[in-house]
$ cat work_31.tsv   # TSV, C-alpha atoms and all ligand atoms
chain	number	residue	atom	x	y	z
A	1	MET	CA	-34.38	35.78	23.16
A	2	ASN	CA	-36.88	33.46	24.88
A	3	ASP	CA	-37.79	32.36	28.39
A	4	ARG	CA	-36.01	28.96	28.39
A	5	ILE	CA	-33.80	29.93	31.35
A	6	ILE	CA	-36.84	30.76	33.52
A	7	GLN	CA	-38.46	27.43	32.69
A	8	ASP	CA	-35.25	25.62	33.68
A	9	ILE	CA	-34.95	27.49	37.00
A	10	ALA	CA	-38.62	26.84	37.87
A	11	ALA	CA	-38.41	23.17	36.94
A	12	GLU	CA	-35.28	22.67	39.02
A	13	ALA	CA	-37.04	24.26	42.00
A	14	GLY	CA	-40.05	21.97	41.57
A	15	SER	CA	-42.51	24.55	40.20
A	16	SER	CA	-44.42	23.65	37.06
A	17	VAL	CA	-46.36	26.91	36.86
A	18	ILE	CA	-45.11	30.03	35.11
A	19	PRO	CA	-47.83	32.60	34.41
A	20	MET	CA	-46.18	34.37	31.47
A	21	ARG	CA	-44.13	33.56	28.36
A	22	TRP	CA	-41.88	35.56	26.04
A	23	GLU	CA	-41.33	34.16	22.57
A	24	LYS	CA	-40.17	35.77	19.33
A	25	GLY	CA	-40.98	39.29	20.45
A	26	CYS	CA	-44.47	38.44	21.72
A	27	PHE	CA	-45.66	38.29	25.33
A	28	TYR	CA	-48.16	35.67	26.51
A	29	LEU	CA	-50.22	35.52	29.70
A	30	LEU	CA	-52.02	32.58	31.22
A	31	ASP	CA	-55.53	33.95	31.78
A	32	GLN	CA	-55.85	33.65	35.57
A	33	ARG	CA	-59.52	34.65	35.48
A	34	LEU	CA	-60.37	31.27	33.96
A	35	LEU	CA	-58.34	28.97	36.20
A	36	PRO	CA	-58.72	26.21	37.20
A	37	ALA	CA	-61.50	25.44	34.68
A	38	GLU	CA	-59.52	26.43	31.60
A	39	GLU	CA	-55.85	26.99	30.75
A	40	LYS	CA	-55.93	29.65	28.07
A	41	TRP	CA	-52.95	31.73	26.91
A	42	ILE	CA	-53.44	35.22	25.46
A	43	LYS	CA	-50.87	36.72	23.08
A	44	TYR	CA	-49.86	40.39	23.43
A	45	THR	CA	-48.02	42.58	20.92
A	46	ARG	CA	-49.12	46.07	22.12
A	47	ALA	CA	-48.19	47.80	25.38
A	48	ARG	CA	-51.69	49.17	25.93
A	49	ASP	CA	-53.22	45.70	25.72
A	50	VAL	CA	-50.75	44.52	28.36
A	51	ALA	CA	-51.82	47.40	30.63
A	52	GLY	CA	-55.43	46.33	30.03
A	53	ALA	CA	-54.57	42.76	31.01
A	54	ILE	CA	-53.19	44.01	34.33
A	55	THR	CA	-56.28	46.13	35.03
A	56	ASP	CA	-58.63	43.28	34.09
A	57	MET	CA	-56.82	40.68	36.26
A	58	VAL	CA	-55.67	38.40	33.43
A	59	VAL	CA	-52.44	38.55	35.44
A	60	ARG	CA	-52.32	39.56	39.11
A	61	GLY	CA	-50.01	39.42	42.11
A	62	ALA	CA	-47.49	42.21	42.69
A	63	PRO	CA	-44.29	40.66	41.26
A	64	ALA	CA	-46.13	39.14	38.26
A	65	ILE	CA	-47.62	42.55	37.53
A	66	GLY	CA	-44.12	44.09	37.67
A	67	ILE	CA	-42.67	41.53	35.23
A	68	THR	CA	-45.69	41.90	32.94
A	69	ALA	CA	-45.36	45.71	32.94
A	70	ALA	CA	-41.67	45.36	32.05
A	71	PHE	CA	-42.48	43.23	28.99
A	72	GLY	CA	-45.36	45.57	28.16
A	73	MET	CA	-42.80	48.37	28.02
A	74	VAL	CA	-40.55	46.24	25.78
A	75	LEU	CA	-43.53	46.05	23.42
A	76	ALA	CA	-43.88	49.86	23.72
A	77	ALA	CA	-40.24	50.19	22.66
A	78	ARG	CA	-40.77	47.79	19.74
A	79	GLU	CA	-43.77	49.89	18.64
A	80	ALA	CA	-41.36	52.85	18.44
A	81	SER	CA	-38.44	50.99	16.86
A	82	GLY	CA	-38.53	53.34	13.85
A	83	LEU	CA	-38.12	56.41	16.11
A	84	GLU	CA	-34.96	57.85	17.65
A	85	GLY	CA	-33.90	60.28	20.38
A	86	ARG	CA	-36.53	62.73	21.59
A	87	GLU	CA	-39.32	61.19	19.49
A	88	PHE	CA	-38.63	57.74	20.92
A	89	LEU	CA	-38.66	59.13	24.47
A	90	GLU	CA	-41.93	61.01	23.92
A	91	HIS	CA	-43.61	57.75	22.89
A	92	TRP	CA	-41.93	55.95	25.78
A	93	ASP	CA	-43.06	58.49	28.40
A	94	ARG	CA	-46.66	58.38	27.16
A	95	GLU	CA	-46.79	54.58	27.33
A	96	ALA	CA	-45.00	54.46	30.71
A	97	ALA	CA	-47.51	56.93	32.19
A	98	TYR	CA	-50.35	54.75	30.87
A	99	MET	CA	-48.79	51.52	32.16
A	100	VAL	CA	-48.22	52.71	35.76
A	101	LYS	CA	-51.91	53.55	36.07
A	102	ALA	CA	-53.00	49.96	35.32
A	103	ARG	CA	-53.35	49.16	39.04
A	104	PRO	CA	-52.47	51.46	41.93
A	105	THR	CA	-51.48	49.42	45.00
A	106	ALA	CA	-48.68	47.04	43.98
A	107	VAL	CA	-45.50	49.12	43.87
A	108	ASN	CA	-43.71	46.50	41.74
A	109	LEU	CA	-45.54	47.89	38.69
A	110	LYS	CA	-44.08	51.39	39.10
A	111	TRP	CA	-40.72	49.94	40.17
A	112	ALA	CA	-40.39	47.86	36.99
A	113	VAL	CA	-41.47	50.69	34.67
A	114	GLN	CA	-39.03	53.10	36.34
A	115	ARG	CA	-36.20	50.57	36.08
A	116	LEU	CA	-36.80	50.19	32.34
A	117	SER	CA	-37.21	53.96	31.90
A	118	ARG	CA	-33.74	54.54	33.36
A	119	VAL	CA	-32.24	51.96	30.99
A	120	ALA	CA	-34.13	53.46	28.02
A	121	ALA	CA	-32.90	56.98	28.84
A	122	VAL	CA	-29.25	55.85	29.01
A	123	ALA	CA	-29.56	53.84	25.77
A	124	VAL	CA	-31.19	56.75	23.92
A	125	GLN	CA	-28.39	59.09	25.05
A	126	THR	CA	-25.83	56.89	23.31
A	127	GLY	CA	-27.58	57.72	20.04
A	128	VAL	CA	-28.67	54.17	19.12
A	129	THR	CA	-31.82	53.44	17.09
A	130	GLY	CA	-35.20	52.65	18.65
A	131	ARG	CA	-34.76	49.05	17.52
A	132	GLU	CA	-31.50	48.76	19.47
A	133	VAL	CA	-33.06	50.37	22.56
A	134	ALA	CA	-35.81	47.76	22.37
A	135	GLU	CA	-33.20	44.98	22.39
A	136	VAL	CA	-31.48	46.43	25.48
A	137	LEU	CA	-34.86	46.68	27.21
A	138	GLU	CA	-35.74	43.10	26.34
A	139	ALA	CA	-32.59	41.96	28.15
A	140	GLU	CA	-33.49	44.14	31.14
A	141	ALA	CA	-37.04	42.74	31.36
A	142	MET	CA	-35.61	39.21	31.23
A	143	ALA	CA	-33.21	40.17	34.05
A	144	ILE	CA	-36.14	41.41	36.18
A	145	TRP	CA	-37.91	38.09	35.60
A	146	GLU	CA	-34.84	35.98	36.34
A	147	ASP	CA	-34.00	38.01	39.47
A	148	ASP	CA	-37.58	37.55	40.63
A	149	ILE	CA	-37.65	33.78	40.39
A	150	ARG	CA	-34.14	33.37	41.84
A	151	GLY	CA	-35.10	35.78	44.64
A	152	ASN	CA	-38.26	33.78	45.38
A	153	ILE	CA	-36.26	30.59	45.72
A	154	GLU	CA	-33.86	32.31	48.10
A	155	MET	CA	-36.82	33.64	50.12
A	156	GLY	CA	-38.13	30.09	50.28
A	157	ARG	CA	-34.81	28.91	51.69
A	158	LEU	CA	-34.56	31.73	54.24
A	159	GLY	CA	-38.22	31.70	55.24
A	160	ALA	CA	-38.31	27.95	55.77
A	161	GLY	CA	-36.17	28.52	58.85
A	162	LEU	CA	-39.06	30.43	60.48
A	163	ILE	CA	-41.57	27.60	60.08
A	164	PRO	CA	-41.81	24.94	62.82
A	165	GLU	CA	-40.76	21.36	61.95
A	166	SER	CA	-44.38	20.25	62.00
A	167	ALA	CA	-46.97	22.95	61.36
A	168	GLY	CA	-50.31	23.99	59.97
A	169	VAL	CA	-49.55	27.04	57.80
A	170	LEU	CA	-52.26	29.44	56.73
A	171	THR	CA	-51.97	31.64	53.65
A	172	HIS	CA	-54.31	34.24	52.19
A	173	CYS	CA	-54.86	35.11	48.51
A	174	ASN	CA	-52.32	33.72	46.03
A	175	ALA	CA	-48.69	34.67	46.53
A	176	GLY	CA	-47.42	31.69	44.59
A	177	ALA	CA	-45.94	30.91	41.20
A	178	LEU	CA	-48.97	32.49	39.52
A	179	ALA	CA	-48.39	35.79	41.35
A	180	THR	CA	-44.67	35.96	40.53
A	181	GLY	CA	-42.14	34.93	37.91
A	182	GLY	CA	-42.83	31.24	38.61
A	183	TYR	CA	-42.16	30.15	42.21
A	184	GLY	CA	-43.85	32.35	44.80
A	185	THR	CA	-43.19	34.55	47.81
A	186	ALA	CA	-45.49	33.27	50.60
A	187	LEU	CA	-45.98	29.98	48.76
A	188	GLY	CA	-42.23	30.08	48.10
A	189	VAL	CA	-41.63	29.98	51.85
A	190	ILE	CA	-44.14	27.13	52.16
A	191	ARG	CA	-42.49	25.31	49.23
A	192	GLY	CA	-39.12	25.93	50.91
A	193	ALA	CA	-40.34	24.42	54.21
A	194	VAL	CA	-41.70	21.35	52.40
A	195	THR	CA	-38.43	20.99	50.44
A	196	ALA	CA	-36.54	21.21	53.76
A	197	GLY	CA	-38.45	18.10	54.85
A	198	LYS	CA	-40.83	19.79	57.28
A	199	ASN	CA	-44.21	18.29	57.95
A	200	ILE	CA	-46.47	21.07	56.64
A	201	LYS	CA	-50.24	21.12	56.35
A	202	ILE	CA	-51.17	23.96	54.04
A	203	TYR	CA	-54.40	25.90	54.58
A	204	ALA	CA	-55.53	28.33	51.87
A	205	GLU	CA	-58.25	30.88	52.53
A	206	GLU	CA	-60.63	31.09	49.58
A	207	THR	CA	-60.16	34.90	49.31
A	208	ARG	CA	-63.35	36.44	48.10
A	209	PRO	CA	-64.34	37.94	45.72
A	210	TRP	CA	-61.79	36.71	43.15
A	211	PHE	CA	-61.11	33.40	44.94
A	212	GLN	CA	-57.36	33.61	44.45
A	213	GLY	CA	-57.03	31.05	47.27
A	214	SER	CA	-59.52	28.39	46.19
A	215	ARG	CA	-59.00	28.87	42.44
A	216	LEU	CA	-55.29	29.70	42.12
A	217	THR	CA	-53.32	28.70	45.23
A	218	ALA	CA	-55.07	25.34	45.38
A	219	TRP	CA	-54.57	24.76	41.63
A	220	GLU	CA	-50.85	25.41	41.60
A	221	LEU	CA	-50.21	23.37	44.76
A	222	ILE	CA	-52.22	20.40	43.51
A	223	ARG	CA	-50.41	20.64	40.18
A	224	ASP	CA	-47.08	20.46	42.01
A	225	LYS	CA	-48.32	17.50	44.06
A	226	MET	CA	-48.69	19.32	47.37
A	227	GLU	CA	-51.68	18.73	49.62
A	228	VAL	CA	-53.83	21.77	50.37
A	229	THR	CA	-56.95	22.39	52.44
A	230	ILE	CA	-59.27	25.25	51.49
A	231	LEU	CA	-61.01	27.29	54.18
A	232	VAL	CA	-63.70	29.93	53.90
A	233	ASP	CA	-62.28	33.34	54.79
A	234	ASN	CA	-64.21	33.42	58.05
A	235	ALA	CA	-62.61	30.23	59.39
A	236	ALA	CA	-59.23	31.60	60.47
A	237	GLY	CA	-60.24	32.45	64.04
A	238	LEU	CA	-61.72	29.06	64.85
A	239	MET	CA	-58.87	27.18	63.14
A	240	MET	CA	-56.37	29.11	65.26
A	241	LYS	CA	-58.39	28.52	68.43
A	242	LEU	CA	-58.43	24.78	67.64
A	243	GLY	CA	-54.62	24.84	67.42
A	244	LYS	CA	-54.57	23.85	63.76
A	245	ILE	CA	-52.64	26.89	62.57
A	246	ASN	CA	-49.06	27.37	63.79
A	247	ALA	CA	-47.87	30.02	61.34
A	248	VAL	CA	-49.37	32.49	58.86
A	249	VAL	CA	-47.40	33.37	55.71
A	250	VAL	CA	-48.66	36.00	53.26
A	251	GLY	CA	-47.25	38.06	50.40
A	252	SER	CA	-47.50	41.81	49.95
A	253	ASP	CA	-48.30	44.44	47.34
A	254	ARG	CA	-46.38	47.22	49.05
A	255	ILE	CA	-44.43	47.50	52.27
A	256	ALA	CA	-43.96	50.97	53.71
A	257	ALA	CA	-40.68	52.20	55.18
A	258	ASN	CA	-41.99	51.57	58.71
A	259	GLY	CA	-42.93	47.94	57.91
A	260	ASP	CA	-46.70	48.42	57.41
A	261	VAL	CA	-47.83	45.80	54.90
A	262	ALA	CA	-50.45	46.24	52.17
A	263	ASN	CA	-51.89	42.95	50.95
A	264	LYS	CA	-55.15	41.40	49.81
A	265	ILE	CA	-58.24	42.50	51.73
A	266	GLY	CA	-58.65	40.24	54.76
A	267	THR	CA	-54.96	40.01	55.58
A	268	TYR	CA	-55.26	42.53	58.41
A	269	GLN	CA	-57.92	40.54	60.25
A	270	VAL	CA	-55.82	37.37	59.96
A	271	ALA	CA	-52.88	39.27	61.48
A	272	VAL	CA	-55.03	40.47	64.39
A	273	LEU	CA	-56.22	36.91	65.00
A	274	ALA	CA	-52.66	35.57	64.78
A	275	ARG	CA	-51.55	38.03	67.48
A	276	ARG	CA	-54.54	37.05	69.66
A	277	HIS	CA	-53.46	33.39	69.39
A	278	ASN	CA	-49.73	34.05	69.65
A	279	ILE	CA	-49.04	32.68	66.17
A	280	PRO	CA	-46.18	34.09	64.02
A	281	PHE	CA	-47.42	36.29	61.16
A	282	ILE	CA	-44.77	36.21	58.44
A	283	VAL	CA	-44.67	38.36	55.29
A	284	ALA	CA	-42.62	37.24	52.28
A	285	ALA	CA	-41.86	39.80	49.59
A	286	PRO	CA	-38.99	40.79	47.30
A	287	VAL	CA	-37.12	44.02	47.98
A	288	SER	CA	-38.94	45.49	44.95
A	289	THR	CA	-42.16	45.39	47.02
A	290	ILE	CA	-40.68	47.66	49.68
A	291	ASP	CA	-41.41	51.32	49.01
A	292	PRO	CA	-38.80	53.28	50.98
A	293	ASP	CA	-40.47	56.55	49.92
A	294	MET	CA	-43.76	55.60	51.61
A	295	PRO	CA	-43.32	56.50	55.30
A	296	SER	CA	-46.26	54.44	56.55
A	297	GLY	CA	-49.15	52.36	55.28
A	298	ASP	CA	-51.59	55.26	55.80
A	299	ALA	CA	-50.59	56.83	52.49
A	300	ILE	CA	-50.75	53.64	50.38
A	301	GLU	CA	-53.45	53.95	47.75
A	302	ILE	CA	-55.94	51.14	48.21
A	303	GLU	CA	-57.49	49.98	44.95
A	304	LYS	CA	-61.26	50.12	44.79
A	305	ARG	CA	-62.88	47.89	42.17
A	306	ALA	CA	-66.39	47.66	40.75
A	307	GLY	CA	-69.14	46.56	43.11
A	308	ASP	CA	-70.28	43.94	40.57
A	309	GLU	CA	-67.36	41.81	41.72
A	310	ILE	CA	-68.95	41.27	45.14
A	311	VAL	CA	-72.65	41.03	44.32
A	312	SER	CA	-72.14	38.19	41.84
A	313	VAL	CA	-70.49	34.79	42.11
A	314	CYS	CA	-69.31	33.18	38.85
A	315	GLY	CA	-71.65	35.37	36.87
A	316	THR	CA	-74.72	34.75	39.06
A	317	ARG	CA	-76.08	37.68	41.01
A	318	ILE	CA	-76.43	36.82	44.71
A	319	ALA	CA	-77.39	40.14	46.27
A	320	ALA	CA	-80.64	42.05	45.90
A	321	LYS	CA	-80.74	44.69	43.18
A	322	GLY	CA	-80.27	48.14	44.73
A	323	VAL	CA	-77.70	47.20	47.40
A	324	LYS	CA	-74.70	49.47	47.83
A	325	THR	CA	-71.18	48.02	47.69
A	326	GLU	CA	-67.72	48.84	49.02
A	327	ASN	CA	-65.12	46.80	47.15
A	328	LEU	CA	-61.76	47.78	48.63
A	329	VAL	CA	-59.35	45.12	47.44
A	330	PHE	CA	-56.36	45.53	49.76
A	331	ASP	CA	-55.81	46.40	53.41
A	332	VAL	CA	-52.85	47.46	55.50
A	333	THR	CA	-51.51	45.38	58.38
A	334	PRO	CA	-49.65	47.56	60.88
A	335	ALA	CA	-45.98	46.68	61.34
A	336	GLU	CA	-46.54	45.90	65.04
A	337	LEU	CA	-48.48	42.74	64.03
A	338	VAL	CA	-45.77	41.47	61.67
A	339	THR	CA	-43.35	38.92	63.16
A	340	ALA	CA	-40.85	38.97	60.28
A	341	ILE	CA	-40.49	40.11	56.67
A	342	VAL	CA	-38.66	37.61	54.48
A	343	THR	CA	-36.86	39.14	51.49
A	344	GLU	CA	-34.31	37.67	49.09
A	345	LYS	CA	-31.67	39.80	50.85
A	346	GLY	CA	-32.42	38.49	54.32
A	347	VAL	CA	-35.10	38.29	57.00
A	348	LEU	CA	-36.13	41.68	58.43
A	349	GLU	CA	-37.12	41.84	62.06
A	350	PRO	CA	-38.80	44.59	64.09
A	351	PRO	CA	-38.30	47.48	64.46
A	352	TYR	CA	-38.75	47.66	60.67
A	353	GLY	CA	-37.86	51.35	60.24
A	354	PRO	CA	-34.15	50.72	60.97
A	355	SER	CA	-34.11	47.32	59.18
A	356	VAL	CA	-35.62	48.83	56.00
A	357	ARG	CA	-33.19	51.78	56.14
A	358	LYS	CA	-30.27	49.35	56.50
A	359	LEU	CA	-31.52	47.29	53.55
A	360	PHE	CA	-31.57	50.37	51.27
A	361	SER	CA	-28.37	51.96	52.57
B	1	LIG	O1	-55.62	41.45	43.53
B	1	LIG	P1	-54.44	40.56	43.42
B	1	LIG	O2	-54.79	39.14	43.12
B	1	LIG	O3	-53.40	41.12	42.47
B	1	LIG	O4	-53.78	40.56	44.86
B	1	LIG	C1	-52.61	39.83	45.07
B	1	LIG	C2	-52.14	39.85	46.47
B	1	LIG	O5	-52.67	40.52	47.31
B	1	LIG	C3	-50.88	39.08	46.77
B	1	LIG	O6	-50.91	38.57	48.06
B	1	LIG	C4	-49.67	40.02	46.62
B	1	LIG	O7	-49.70	40.67	45.39
B	1	LIG	C5	-48.39	39.30	46.77
B	1	LIG	S1	-48.09	38.24	45.39
B	1	LIG	C6	-46.57	37.52	45.57
$ encode --input "work_31.tsv" --output "structure tokens"
Amino acid sequence: MNDRIIQDIAAEAGSSVIPMRWEKGCFYLLDQRLLPAEEKWIKYTRARDVAGAITDMVVRGAPAIGITAAFGMVLAAREASGLEGREFLEHWDREAAYMVKARPTAVNLKWAVQRLSRVAAVAVQTGVTGREVAEVLEAEAMAIWEDDIRGNIEMGRLGAGLIPESAGVLTHCNAGALATGGYGTALGVIRGAVTAGKNIKIYAEETRPWFQGSRLTAWELIRDKMEVTILVDNAAGLMMKLGKINAVVVGSDRIAANGDVANKIGTYQVAVLARRHNIPFIVAAPVSTIDPDMPSGDAIEIEKRAGDEIVSVCGTRIAAKGVKTENLVFDVTPAELVTAIVTEKGVLEPPYGPSVRKLFS
């Protein structure tokens, strides 16, 4: 089994960027820490190394993390291909527990591992060998990947309808091909609007401290021949006041049952500014990003990363030695500031409690 089908779907949709590969039982990740300076692929054959890649940001973006975790668990199953029954499941449970801890905020990680765990449990019950379980899981991980990219394209089609015919569209972080199976959620909607023939000027916030906007969003758009303008994170208010922004589209790491949206730090302030300027604030995310068991955003665990990430830029220290740091990497935008949530199953509108319940019923 290989990833040919994903490459074909992405190419047909006009995306030339796919952040992962699966070939001959090995998983490969495009090292996103090095982009755009260097395009380096890293090969993975062990589940724990895949978990490490997620923690260390080789791959990032909620859906991409979910797909990566799924293939990481396929590698876990291949490691245990000589085991059967209870012994196989003991190994599986240990690796699954390790994998879900790789990063805490994006629910897609847990969702993907749980989906594979259910398939593994059923396969083991039928008494097949570990090797055969691994084959079933490989097919399931491929299905997660294929569903993701097809879902993104559908989101792009649905979300395009919410974007004015001629518009400046602001996005934050990278919710594009690099953050997903190869097309994008927020950037998918922007790609969809461009494909629909709309006159779109794309603005990408640089997104400190990892610069997912200036390094990644800009790289993938330029690669796919789309014009993009980079802004410093602090520019959103003025750009809105000047009338240059007519819609905001962002992705999400987890959406609570009441419609509160966790996304990259800085998203909340953009949403507040959008409301102040009467600009639609649109969230695009697959159903796998909605956590129906999380009643509101208050309980979403916000990842905290090392302070080094904010006192240095590209390896050069910029802050005085001895400063304290607070490096919270996501925030929660309250549902009341969200104009619409675009999923592959339809566009959710407020009040989100009932629309989310309907989606899962
Ligand atoms: O820390 P990151 O780069 O993993 O954060 C990514 C984001 O916040 C994205 O906006 C989100 O995961 C949606 S990706 C389709």
$ closest_residue --input "work_31.tsv" --among "A:Gly188, A:Pro36, A:Gly168, A:Pro351" --to "A:Ile202" --atoms "all atoms listed in the file"
A:Gly168
$ residues_near_ligand --input "work_31.tsv" --ligand "ligand LIG 1 (chain B)" --cutoff "6 Å" --atoms "all atoms listed in the file" --output "list of chain:residue names"
A:Arg60, A:Gly61, A:Ala62, A:Pro63, A:Cys173, A:Asn174, A:Ala175, A:Gly176, A:Ala179, A:Thr180, A:Gly184, A:Thr185, A:Gly251, A:Ser252, A:Asp253, A:Asn263, A:Lys264
$ residues_around --input "work_31.tsv" --residues "A:Ile9" --least-positions-apart "2" --cutoff "12 Å" --atoms "only C-alpha atoms" --output "PyMOL selection string"
chain A and resi 3-7+11-18+145-153+181-183
$ axis_aligned_box --input "work_31.tsv" --around "stretch 115-128 of chain A" --padding-each-side "5 Å" --output "lines of an AutoDock Vina configuration file"
center_x = -31.5
center_y = 54.6
center_z = 27.6
size_x = 21.4
size_y = 18.9
size_z = 27.0
$ residues_around --input "work_31.tsv" --residues "A:Arg86" --least-positions-apart "4" --cutoff "10 Å" --atoms "all atoms listed in the file" --output "list in words"
Glu90, His91, Trp92, Ala121, Val124 and Gln125 of chain A
$ closest_residue --input "work_31.tsv" --among "A:Arg254, A:Lys358, A:His277, A:Arg223" --to "A:Leu242" --atoms "only C-alpha atoms"
A:His277
$ residues_around --input "work_31.tsv" --residues "A:Met226" --least-positions-apart "5" --cutoff "10 Å" --atoms "only C-alpha atoms" --output "list of chain:residue names"
A:Arg191, A:Val194, A:Ile200, A:Lys201, A:Ile202, A:Ala218, A:Trp219, A:Glu220, A:Leu221
$ closest_residue --input "work_31.tsv" --among "A:Ala167, A:Ala285, A:Met99, A:Cys26" --to "A:Ala51" --atoms "only C-alpha atoms"
A:Met99
$ closest_residue --input "work_31.tsv" --among "A:Ile310, A:Ala64, A:Leu89, A:Ala76" --to "A:Asn327" --atoms "all atoms listed in the file"
A:Ile310
$ atom_distance --input "work_31.tsv" --atom1 "atom CA of A:Ala160" --atom2 "atom CA of A:Ile282"
10.8 Å
$ atom_distance --input "work_31.tsv" --atom1 "atom CA of A:Gly353" --atom2 "atom CA of A:Glu336"
11.3 Å
$ closest_residue --input "work_31.tsv" --among "A:Ala193, A:Val323, A:Ile65, A:Val283" --to "A:Ser166" --atoms "only C-alpha atoms"
A:Ala193
$ atom_distance --input "work_31.tsv" --atom1 "atom CA of A:Glu39" --atom2 "atom CA of A:Ala10"
18.6 Å
$ residues_around --input "work_31.tsv" --residues "A:Ser312" --least-positions-apart "4" --cutoff "12 Å" --atoms "only C-alpha atoms" --output "ChimeraX atom specification"
/A:208-210,306-308,316-321,323,325
$ residues_near_point --input "work_31.tsv" --point "(-39.0, 52.6, 33.1)" --cutoff "10 Å" --atoms "all atoms listed in the file" --output "ChimeraX atom specification"
/A:69-70,73-74,92-93,95-97,99-100,109-121,137
$ residues_around --input "work_31.tsv" --residues "A:Arg357" --least-positions-apart "2" --cutoff "12 Å" --atoms "all atoms listed in the file" --output "list in words"
Ala256, Ala257, Asn258, Gly259, Val287, Ile290, Asp291, Pro292, Asp293, Pro295, Leu348, Pro351, Tyr352, Gly353, Pro354, Ser355, Leu359, Phe360 and Ser361 of chain A
$ closest_residue --input "work_31.tsv" --among "A:Asn278, A:Thr105, A:Thr126, A:Thr207" --to "A:Val332" --atoms "all atoms listed in the file"
A:Thr105
